[in-house]
Every structure is written in structure tokens, then in C-alpha cells.
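Structure first, then comments.
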Amino acid sequence: MQDKYLKLKKFFDLYTAEFNLAKEKDQKNIQLKIDHSKRVTKDMEAITAEMPLSLDEKYLAKIIALYHDIGRFKQYKKYKTFSDYKSEDHGQLGLEVIKENNLIDDLTENEQNIILKAIKQHNKADLNREIFNNEQEFLFARLIRDADKLDIWRVVLNEYTAETTNGVVGLGL
């Protein structure tokens with residue numbers, strides 16, 4: 001699974017490099033999501049470090065963390081917003097990117113389900129236990145929500161303590 005993670009990390013870097021937008025503000029917003037995804041991956045690594053997970057499960061969690069917002073890049077390029085309400089569900093867009101590029105086709109069906117379900121559900125207001133096929137899917141969905149929220153709060157705090165604000169991150173506050 002470590003080799004798979006490294007291949008997916010390389011694809012992530014190449015894919016996100018394609019979103020080189022002309023306007024400085026737009027490029028800053030793209031970079032914000034690249035940096036966010038990498039920090040969430042580090043947060044996920046810290047969260048799972050002491051958990052009773054196998055090494056493969058820890059790498060699976062890192063894959064989910066790195067790819068949880070992969071749909072944001074298409075979303076921002078097309079709509080110039082990170083608001084799902086004003087555009088499309090970025091979790092669903094992320095699944096499309098993963099499937100269009102056959103990124104996880106070589107993983108087991110269970111591993112694919114875990115990744116896809118966690119990414120699809122990471123941005124939902126609540127996790128409905130009944131939509132998960134097993135405890136493992138539910139665990140990874142909760143893990144990505146926790147890792148994601150840790151970094152979102154950091155970004156929001158930085159936004160509201162800065163002298164000038166970005167506006168895209170504002171959450172309407």
C-alpha cells in the first residue's frame with residue numbers, strides 16, 4: 001500500500017499542477033487547496049499513528065486524506081468558488097476524478113469502497129451510519145472528517161486574524 005500511496009501522491013502533484021490559473025487570486029485559491037490536502041494528510045498520519053491499524057490501513061487513510069478534496073480543483077476552475085451550494089458537490093466531483101483516471105482500480109473492492117465512501121461523505125453535515133456497508137468504511141469516513149476539520153479550523157482562524165481576507169474561505173461570516 002505504501003507504493004500505491006507514493007504513486008497516487010505523484011499523480012496528485014501532476015494533476016494539481018495542471019490547474020495553473022492566470023489570475024493571481026485564483027492561483028492562490030488553488031494553492032490553498034493543494035496545501036490543505038497535504039496538511040490533512042499529515043494530520044491523518046498523526047491521528048492514525050497510535051491507532052491499532054495495520055500499516056496498509058494507515059496508508060489507506062493517507063490516500064483518503066490526500067484525495068478528499070481532489071474535486072475542489074475542477075470545482076474552482078469551473079465555478080470560481082469552493083461553495084458546493086453555489087456549484088457542485090466537491091465530494092462527488094472527487095469520485096469522478098478518481099474514476100476517470102482509474103486511480104484505484106488495482107485495489108481490492110473493499111479498499112475501493114472505503115476510499116470512495118469516505119471521500120463522498122467527508123463533507124456531509126452528518127454521517128448516516130446506515131449508508132456504510134461495514135464498520136471499517138464508517139471508521140475511515142470519521143477519520144477523514146476529523147483530519148479535514150483540524151485543518152479547516154486552522155485556515156479559518158488564519159483568515160480571520162489576517163489584515164486582509166480572502167473571501168473564498170469566509171464561510172459567509
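Residue names in the C-alpha cells use chain letters A, B, ... in the order shown, residue numbers from 1 in each chain, and ligand numbers from 1 in the order shown.
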
Can you pull out every residue within 8 Å of stretch 97-107 of chain A, counting only C-alpha atoms, but drop anything in the same chain fewer than 5 positions away, and send it as a short mmCIF file (atom, residue, chain, number, x, y, z; two decimals) with N, CA and C atoms, in the first residue's frame?
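Listed below is the output, out_9.cif:
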```
data_model
loop_
_atom_site.label_atom_id
_atom_site.label_comp_id
_atom_site.auth_asym_id
_atom_site.auth_seq_id
_atom_site.Cartn_x
_atom_site.Cartn_y
_atom_site.Cartn_z
N LEU A 8 0.06 7.51 -6.08
CA LEU A 8 -1.07 8.44 -6.03
C LEU A 8 -0.62 9.85 -5.64
N ILE A 70 -9.93 16.36 -3.96
CA ILE A 70 -9.45 16.38 -5.35
C ILE A 70 -10.49 17.00 -6.28
N GLY A 71 -11.74 16.93 -5.92
CA GLY A 71 -12.79 17.54 -6.72
C GLY A 71 -12.81 19.06 -6.65
N GLN A 112 -11.38 -0.01 -2.34
CA GLN A 112 -12.02 0.99 -3.21
C GLN A 112 -13.26 1.57 -2.54
#
```

>> Just list as an MDAnalysis selection string whatever in chain A DSSP marks as helix (DSSP H, G or I).
In response: chainID A and resid 2:17 24:49 55:67 71:79 90:100 109:121 129:131 135:161

>> I'd like the neighbourhood of stretch 148-156 of chain A as number ranges by chain, where a residue qualifies if any of its atoms comes within 7 Å (using only C-alpha atoms), though same-chain residues fewer than 4 positions away should be ignored.
In response: A: 36, 39-40, 144, 160, 169

Those residues with N, CA, C and O atoms, as a tab-separated table (two decimals), in the first residue's frame please?
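Below is the file result19.tsv, written as the result:
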```tsv
chain	number	residue	atom	x	y	z
A	36	HIS	N	-3.77	22.57	1.73
A	36	HIS	CA	-4.74	21.99	2.66
A	36	HIS	C	-4.71	20.46	2.57
A	36	HIS	O	-4.64	19.77	3.59
A	39	ARG	N	-1.61	19.12	4.23
A	39	ARG	CA	-1.67	19.22	5.70
A	39	ARG	C	-2.65	18.20	6.28
A	39	ARG	O	-2.38	17.62	7.33
A	40	VAL	N	-3.77	17.99	5.61
A	40	VAL	CA	-4.73	16.99	6.08
A	40	VAL	C	-4.08	15.61	6.07
A	40	VAL	O	-4.30	14.80	6.98
A	144	ILE	N	-11.39	10.87	8.16
A	144	ILE	CA	-11.13	11.97	7.23
A	144	ILE	C	-11.88	13.21	7.67
A	144	ILE	O	-11.38	14.33	7.53
A	160	TYR	N	-9.37	34.93	9.61
A	160	TYR	CA	-9.99	35.97	10.42
A	160	TYR	C	-9.03	36.71	11.34
A	160	TYR	O	-9.41	37.67	11.97
A	169	VAL	N	-12.69	31.81	1.49
A	169	VAL	CA	-12.66	30.99	2.70
A	169	VAL	C	-13.65	31.48	3.73
A	169	VAL	O	-13.94	30.80	4.70
```

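When only C-alpha atoms are used to measure the gap to A:Lys58, the shortest distance among A:Lys7, A:Ile119, A:Lys23, A:Lys42 belongs to A:Lys42.
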
Surrounding residues of A:Ser87 excluding itself and chain neighbours under 4 positions, 12 Å, only C-alpha atoms, as a tab-separated table (two decimals) with N, CA, C and O atoms, in the first residue's frame:
```
chain	number	residue	atom	x	y	z
A	71	GLY	N	-11.74	16.93	-5.92
A	71	GLY	CA	-12.79	17.54	-6.72
A	71	GLY	C	-12.81	19.06	-6.65
A	71	GLY	O	-13.42	19.73	-7.49
A	72	ARG	N	-12.16	19.62	-5.64
A	72	ARG	CA	-12.13	21.08	-5.48
A	72	ARG	C	-11.46	21.80	-6.65
A	72	ARG	O	-11.81	22.92	-6.97
A	74	LYS	N	-11.36	21.01	-9.97
A	74	LYS	CA	-12.33	21.15	-11.06
A	74	LYS	C	-13.40	22.17	-10.68
A	74	LYS	O	-13.81	22.99	-11.50
A	75	GLN	N	-13.86	22.06	-9.45
A	75	GLN	CA	-14.92	22.95	-8.97
A	75	GLN	C	-14.49	24.41	-9.07
A	75	GLN	O	-15.22	25.25	-9.59
A	76	TYR	N	-13.30	24.71	-8.58
A	76	TYR	CA	-12.85	26.09	-8.57
A	76	TYR	C	-12.58	26.60	-9.99
A	76	TYR	O	-12.93	27.72	-10.35
A	77	LYS	N	-11.97	25.77	-10.82
A	77	LYS	CA	-11.67	26.19	-12.19
A	77	LYS	C	-12.96	26.52	-12.95
A	77	LYS	O	-13.03	27.52	-13.67
A	78	LYS	N	-13.99	25.72	-12.75
A	78	LYS	CA	-15.25	25.91	-13.48
A	78	LYS	C	-16.11	27.02	-12.88
A	78	LYS	O	-16.68	27.82	-13.62
A	79	TYR	N	-16.20	27.08	-11.54
A	79	TYR	CA	-17.16	27.98	-10.90
A	79	TYR	C	-16.53	29.14	-10.13
A	79	TYR	O	-17.24	30.02	-9.68
A	80	LYS	N	-15.22	29.10	-9.93
A	80	LYS	CA	-14.52	30.14	-9.15
A	80	LYS	C	-15.06	30.25	-7.72
A	80	LYS	O	-15.15	31.34	-7.16
A	81	THR	N	-15.43	29.13	-7.15
A	81	THR	CA	-15.91	29.07	-5.77
A	81	THR	C	-15.59	27.71	-5.18
A	81	THR	O	-15.45	26.72	-5.92
A	82	PHE	N	-15.50	27.67	-3.86
A	82	PHE	CA	-15.39	26.41	-3.13
A	82	PHE	C	-16.71	26.06	-2.46
A	82	PHE	O	-16.77	25.17	-1.63
A	83	SER	N	-17.75	26.78	-2.81
A	83	SER	CA	-19.07	26.55	-2.23
A	83	SER	C	-19.82	25.47	-3.02
A	83	SER	O	-20.16	25.68	-4.19
A	91	GLY	N	-17.27	16.46	-3.16
A	91	GLY	CA	-17.03	15.05	-2.87
A	91	GLY	C	-17.36	14.19	-4.08
A	91	GLY	O	-16.58	13.31	-4.48
A	92	GLN	N	-18.49	14.47	-4.71
A	92	GLN	CA	-18.90	13.75	-5.91
A	92	GLN	C	-17.93	14.04	-7.06
A	92	GLN	O	-17.56	13.13	-7.80
A	93	LEU	N	-17.52	15.29	-7.21
A	93	LEU	CA	-16.54	15.63	-8.24
A	93	LEU	C	-15.23	14.85	-8.03
A	93	LEU	O	-14.60	14.41	-8.99
```

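Candidate residues A:Leu53, A:Asp126, A:Thr161, A:His90 were compared for distance to A:Phe140, and the nearest is A:Leu53, using only C-alpha atoms.
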
>> as a PyMOL selection string, please: the residues near A:Arg129 (cut-off 10 Å, only C-alpha atoms, same-chain neighbours under 6 positions excluded).
In response: chain A and resi 135+137-138
